[in-house]
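> One file: work-v5.txt (compact mmCIF, C-alpha atoms).
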# COMPACT_ATOMS: atom_id res chain seq x y z
CA MET A 1 50.79 155.95 105.90
CA ASP A 2 53.64 155.90 103.41
CA GLN A 3 55.40 159.28 103.30
CA GLN A 4 55.66 159.09 99.52
CA GLU A 5 51.95 158.75 98.82
CA THR A 6 49.72 161.72 98.07
CA VAL A 7 46.14 161.85 99.32
CA VAL A 8 43.99 163.49 96.63
CA LEU A 9 40.53 162.88 98.16
CA ASP A 10 39.75 162.66 101.87
CA ARG A 11 36.59 161.44 103.60
CA ASP A 12 34.63 164.66 103.05
CA ASP A 13 35.79 164.89 99.43
CA MET A 14 34.56 161.36 98.74
CA ARG A 15 31.20 162.07 100.38
CA ARG A 16 30.69 165.24 98.34
CA THR A 17 31.75 163.42 95.19
CA LEU A 18 29.20 160.66 95.72
CA VAL A 19 26.46 163.22 96.33
CA ARG A 20 27.34 164.98 93.08
CA ILE A 21 27.41 161.74 91.10
CA ALA A 22 24.06 160.70 92.58
CA HIS A 23 22.45 163.96 91.46
CA GLU A 24 23.98 163.60 87.99
CA ILE A 25 22.59 160.07 87.69
CA VAL A 26 19.09 161.20 88.65
CA GLU A 27 19.19 164.21 86.32
CA LYS A 28 20.38 162.11 83.38
CA ASN A 29 17.71 159.45 83.93
CA PRO A 30 14.39 161.25 84.54
CA ASP A 31 12.30 158.18 83.70
CA GLY A 32 13.32 156.60 87.01
CA ARG A 33 13.97 153.14 85.53
CA LEU A 34 17.29 152.91 87.32
CA ALA A 35 19.33 150.19 88.96
CA LEU A 36 22.83 150.36 90.45
CA VAL A 37 25.28 147.48 90.05
CA GLY A 38 28.60 147.57 91.90
CA ILE A 39 31.69 145.63 90.85
CA HIS A 40 33.25 143.71 93.72
CA ARG A 41 35.01 144.72 95.73
CA ARG A 42 35.11 148.43 96.44
CA GLY A 43 32.75 149.19 93.59
CA ALA A 44 30.08 147.23 95.43
CA HIS A 45 30.57 149.36 98.55
CA LEU A 46 30.48 152.56 96.50
CA ALA A 47 27.26 151.36 94.85
CA ARG A 48 25.63 150.85 98.27
CA ARG A 49 26.52 154.40 99.30
CA LEU A 50 25.27 155.81 95.99
CA HIS A 51 22.09 153.76 96.36
CA GLU A 52 21.30 155.41 99.68
CA ILE A 53 21.68 158.88 98.16
CA VAL A 54 19.84 158.15 94.91
CA SER A 55 16.96 156.48 96.75
CA GLY A 56 16.42 159.73 98.66
CA LEU A 57 16.20 161.71 95.43
CA VAL A 58 13.60 159.68 93.53
CA ASP A 59 10.12 158.41 94.31
CA THR A 60 10.55 155.00 92.67
CA GLU A 61 12.40 151.99 94.01
CA VAL A 62 15.98 151.70 92.80
CA PRO A 63 17.25 148.11 92.75
CA LEU A 64 20.80 147.44 93.90
CA GLY A 65 22.96 144.60 92.64
CA SER A 66 26.57 143.51 92.44
CA VAL A 67 28.76 141.50 90.10
CA ASP A 68 32.01 139.63 90.52
CA ILE A 69 33.86 139.61 87.21
CA THR A 70 36.58 137.14 88.23
CA LEU A 71 35.42 134.34 85.94
CA TYR A 72 34.89 136.79 83.06
CA ARG A 73 38.42 138.22 83.08
CA ASP A 74 40.26 137.96 79.78
CA ASP A 75 43.42 136.84 81.59
CA LEU A 76 41.77 134.16 83.72
CA THR A 77 43.59 131.28 81.99
CA THR A 78 47.00 132.91 82.44
CA ARG A 79 46.72 133.70 86.16
CA THR A 80 48.55 131.35 88.50
CA GLU A 81 46.82 132.19 91.78
CA VAL A 82 43.52 130.62 92.79
CA PRO A 83 40.78 133.22 92.13
CA VAL A 84 38.60 134.42 95.00
CA VAL A 85 35.03 134.69 93.72
CA ASN A 86 32.38 136.81 95.44
CA ALA A 87 28.66 136.41 94.90
CA THR A 88 26.94 138.06 91.95
CA GLU A 89 23.53 139.44 92.92
CA LEU A 90 21.23 140.54 90.12
CA ASP A 91 17.89 139.43 91.53
CA PHE A 92 15.69 141.95 89.70
CA PRO A 93 14.46 142.18 86.08
CA LEU A 94 17.02 143.85 83.85
CA ALA A 95 14.85 144.39 80.78
CA GLY A 96 14.11 148.05 80.08
CA ARG A 97 16.18 149.37 82.97
CA THR A 98 19.14 151.70 82.91
CA LEU A 99 21.92 149.92 84.78
CA VAL A 100 24.62 152.10 86.27
CA ILE A 101 27.77 150.06 86.80
CA VAL A 102 29.79 151.41 89.74
CA ASP A 103 33.52 150.86 90.27
CA ASP A 104 36.33 152.52 92.16
CA VAL A 105 38.94 153.04 89.41
CA LEU A 106 38.63 153.13 85.62
CA TYR A 107 41.96 152.12 84.12
CA THR A 108 42.35 149.82 81.10
CA GLY A 109 38.61 149.21 80.60
CA ARG A 110 38.95 145.44 80.86
CA THR A 111 36.89 145.18 84.04
CA VAL A 112 34.06 147.17 82.43
CA ARG A 113 34.05 144.78 79.47
CA ALA A 114 33.94 141.78 81.81
CA ALA A 115 31.10 143.31 83.86
CA ILE A 116 29.02 143.99 80.74
CA ASP A 117 29.58 140.43 79.51
CA GLU A 118 28.38 139.05 82.83
CA ILE A 119 25.35 141.34 82.99
CA PHE A 120 24.18 140.21 79.55
CA ASP A 121 24.29 136.62 80.76
CA TYR A 122 21.52 137.62 83.18
CA GLY A 123 19.36 139.67 80.84
CA ARG A 124 19.12 142.61 78.47
CA PRO A 125 19.00 146.03 80.15
CA GLY A 126 17.69 149.00 78.23
CA ARG A 127 21.09 150.66 78.52
CA ILE A 128 24.20 150.62 80.65
CA GLN A 129 26.07 153.58 82.13
CA LEU A 130 29.30 153.71 84.13
CA ALA A 131 30.14 155.63 87.30
CA VAL A 132 33.64 155.62 88.81
CA MET A 133 35.30 157.38 91.69
CA VAL A 134 38.56 157.84 89.74
CA ASP A 135 39.47 157.79 86.05
CA ARG A 136 43.24 157.43 85.81
CA GLY A 137 43.54 157.03 82.03
CA HIS A 138 45.68 154.43 80.20
CA ARG A 139 42.71 152.89 78.41
CA GLU A 140 43.29 149.68 76.46
CA LEU A 141 39.65 149.20 75.45
CA PRO A 142 37.32 151.91 74.06
CA PHE A 143 35.33 152.87 77.16
CA ARG A 144 34.70 156.10 79.01
CA ALA A 145 32.71 156.74 82.17
CA ASP A 146 29.38 158.60 82.17
CA TYR A 147 30.00 159.82 85.72
CA VAL A 148 33.50 160.53 87.08
CA GLY A 149 34.36 161.56 90.62
CA LYS A 150 37.85 162.79 89.72
CA ASN A 151 40.13 162.52 86.70
CA ILE A 152 43.66 161.82 87.93
CA PRO A 153 46.40 161.71 85.28
CA THR A 154 48.89 159.04 86.28
CA SER A 155 51.95 157.21 85.07
CA ARG A 156 52.14 153.45 85.08
CA GLN A 157 54.67 153.72 87.89
CA GLU A 158 51.88 154.95 90.17
CA VAL A 159 49.04 153.23 91.99
CA ILE A 160 45.60 154.72 92.62
CA SER A 161 44.49 153.42 96.00
CA VAL A 162 40.79 153.92 96.80
CA ARG A 163 40.34 153.16 100.49
CA MET A 164 36.97 152.67 102.13
CA ASP A 165 35.81 152.23 105.70
CA GLU A 166 34.16 148.91 104.88
CA VAL A 167 37.45 147.39 103.70
CA ASP A 168 40.34 149.56 104.82
CA GLY A 169 39.08 151.36 107.92
CA ARG A 170 39.17 154.84 106.35
CA ASP A 171 37.87 156.78 103.37
CA GLU A 172 40.45 158.35 101.05
CA VAL A 173 41.96 158.22 97.60
CA ALA A 174 45.74 158.29 97.33
CA ILE A 175 48.41 158.17 94.64
CA VAL A 176 51.11 155.70 95.66
CA PRO A 177 54.40 155.08 93.82
CA SER A 178 54.58 151.50 92.62
CA GLU A 179 57.57 149.49 93.72
CA GLY A 180 57.41 147.39 90.57
CA GLY A 181 57.47 150.24 88.05
CA GLU A 182 56.30 149.19 84.59
CA THR A 183 55.94 145.57 85.69
CA ALA A 184 53.53 146.42 88.46
CA GLY A 185 50.46 145.60 86.36
CA ALA A 186 48.62 143.20 88.63
CA GLY A 187 49.35 145.26 91.70
CA ALA A 188 48.40 148.60 90.30
CA ALA A 189 45.37 149.08 92.54
CA THR A 190 46.57 147.55 95.76
CA SER A 191 45.00 149.18 98.79
CA ALA A 192 46.52 149.60 102.21
CA GLY A 193 44.94 146.28 103.09
CA GLY A 194 46.55 144.50 100.16
CA ALA A 195 43.36 143.91 98.13
CA THR A 196 43.73 144.34 94.38
CA SER A 197 41.15 145.93 92.08
CA ALA A 198 40.41 143.84 89.00
CA GLU A 199 40.33 146.97 86.84
CA GLU A 200 43.95 147.74 87.65
CA ALA A 201 45.21 144.18 87.13
CA THR A 202 46.82 144.27 83.68
CA SER A 203 50.07 142.61 82.70
CA ALA A 204 53.15 144.51 81.58
CA GLY A 205 52.75 142.91 78.18
CA ARG A 206 49.56 144.88 77.64
CA ALA A 207 51.09 148.19 78.71
CA THR A 208 50.63 151.16 76.45
CA SER A 209 52.52 154.44 76.77
CA ALA A 210 51.63 157.06 79.35
CA GLU A 211 50.85 159.44 76.50
CA GLU A 212 47.69 157.41 75.84
CA ALA A 213 46.28 158.32 79.23
CA THR A 214 43.64 160.87 78.24
CA SER A 215 40.66 161.69 80.42
CA ALA A 216 37.11 160.89 79.39
CA GLU A 217 36.46 164.50 78.40
CA GLU A 218 39.66 164.84 76.36
CA ALA A 219 39.10 162.02 73.87
CA THR A 220 38.04 163.55 70.55
CA SER A 221 39.50 161.40 67.77
CA ALA A 222 37.77 158.68 65.77
CA GLU A 223 39.18 156.27 68.34
CA GLU A 224 37.45 158.16 71.19
CA PRO A 225 36.39 155.72 73.90
CA THR A 226 32.69 154.99 73.89
CA SER A 227 30.75 155.15 77.11
CA ALA A 228 29.72 151.90 78.77
CA GLY A 229 26.16 152.61 77.73
CA GLU A 230 27.08 153.02 74.07
CA ALA A 231 29.12 149.83 74.08
CA ALA A 232 26.29 147.94 75.76
CA GLY A 233 23.83 149.34 73.22
CA ARG A 234 25.94 148.05 70.38
CA GLU A 235 26.22 144.66 72.02
CA THR A 236 22.45 144.63 72.52
CA ALA A 237 21.91 145.40 68.83
CA ASP A 238 24.31 142.66 67.76
CA ARG A 239 22.71 140.11 70.02
CA GLY A 240 19.24 141.26 69.01
CA SER A 241 19.87 140.05 65.46
CA SER A 242 19.73 136.46 66.66
CA ALA A 243 16.53 134.58 67.40
CA SER A 244 17.36 134.09 71.06
CA THR A 245 15.50 135.94 73.83
CA GLY A 246 16.32 136.77 77.48
CA ALA A 247 19.98 136.15 78.27
CA ASP A 248 21.85 136.11 74.98
CA ARG A 249 24.27 133.45 75.98
Would you write the structure of this file as structure tokens?

Amino acid sequence: MDQQETVVLDRDDMRRTLVRIAHEIVEKNPDGRLALVGIHRRGAHLARRLHEIVSGLVDTEVPLGSVDITLYRDDLTTRTEVPVVNATELDFPLAGRTLVIVDDVLYTGRTVRAAIDEIFDYGRPGRIQLAVMVDRGHRELPFRADYVGKNIPTSRQEVISVRMDEVDGRDEVAIVPSEGGETAGAGAATSAGGATSAEEATSAGRATSAEEATSAEEATSAEEPTSAGEAAGRETADRGSSASTGADR
């Protein structure tokens, strides 16, 4: 392990955090019309762990799905490398359900936007919420998480590395100095295994100042980020004005 990195959550911390988030999800959604949808890659693994806990807290079946947002990225046409696309699995009815999107790190908000776009291509959920292990700030789109494991203020010269047994052989969250500094955009969520989180992959040209990195609870102005559920609700209302039914696109 790099001597410069700082571990902020270990295995037990991550387990306790997931248990807390699971209870918060159940308490906030008493109707039981829940489904969990993880964003590949680590978000999908976190969603599976949350699913196990949530399923033990409710009497109704909780569907589990996953999405790969690669083809919905807003920088897809500017990327030079060949994208690796994982399977999207949403094989249950979305209508009327509360979908909880699960990801490892909330950063610019661009991955959340892409995930919502993809979900609406499959159907119209009743509402969408967002659960993340880490919110590191630096939002570029107006989103905030409904459930946050840990708010970690960061600079753009730092990387938040969420490591999981399924991918990296251990469970921990670490802050790692970025070798590329301000130009590190696309590598800003690189794990010990070299995998990059789509949420952290933003170019230096999109960078905003570190002073804009406010946590979800601290945003109070008229430009306060909306939660994923609020944004999805607005998109549902906009799409509902058309004559189309089912998937809006």
> I need the residue nearest Ser155 (chain A) from this list: A:Glu61, A:Arg110, A:Pro177, A:Val84. Use all atoms listed in the file for the distance.
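Of A:Glu61, A:Arg110, A:Pro177, A:Val84, the one nearest Ser155 (chain A), counting all atoms listed in the file, is A:Pro177.
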> Of the candidates A:Ala35, A:Arg49, A:Thr111, A:Pro93, which shows the shortest atom-to-atom distance to Leu64 (chain A), using all atoms listed in the file?
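Result for the nearest residue to Leu64 (chain A): A:Ala35.
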> If you measure from CA of Ile21 (chain A) to CA of Tyr72 (chain A), what distance in Å do you get, rounded to one decimal?
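The value is 27.3 Å.
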> What is the CA of Ile116 (chain A) to CA of Asp171 (chain A) distance in Å?
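So the two atoms, CA of Ile116 (chain A) and CA of Asp171 (chain A), lie 27.5 Å apart.
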> Which is closest to Gly56 (chain A) among A:Ala22, A:Pro153, A:Ser178, A:Asp91, if we use only C-alpha atoms?
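Among the listed residues, the smallest separation from Gly56 (chain A) belongs to A:Ala22.
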> So, with all atoms listed in the file as the atoms that count, which of A:Arg41, A:Arg139, A:Arg48, A:Arg33 lies closest to Thr60 (chain A)?
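Closest to Thr60 (chain A), using all atoms listed in the file: A:Arg33.
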> If we count only C-alpha atoms and set the cut-off at 12 Å, which residues sit around Met14 (chain A), ignoring sequence neighbours fewer than 2 positions away in its own chain? Please answer as JSON, numbers by chain.
{"A": [7, 8, 9, 10, 11, 12, 16, 17, 18, 19, 20, 21, 46, 49, 50, 104, 132, 133, 134, 148, 149, 150, 162, 163, 164, 165, 170, 171, 172, 173, 174]}
> Enter the distance from CA of Thr88 (chain A) to CA of Arg113 (chain A), in Å, rounded to one decimal.
15.9 Å
> Closest to Asn86 (chain A) among A:Arg144, A:His45, A:His40, A:His51, using only C-alpha atoms?
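Checking each candidate against Asn86 (chain A), we get A:His40 as the closest.
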> Pick from A:Thr6, A:Ser55, A:Ser66, A:Ser161: nearest to Glu118 (chain A), with only C-alpha atoms counted?
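Using only C-alpha atoms, Glu118 (chain A) sits closest to A:Ser66.
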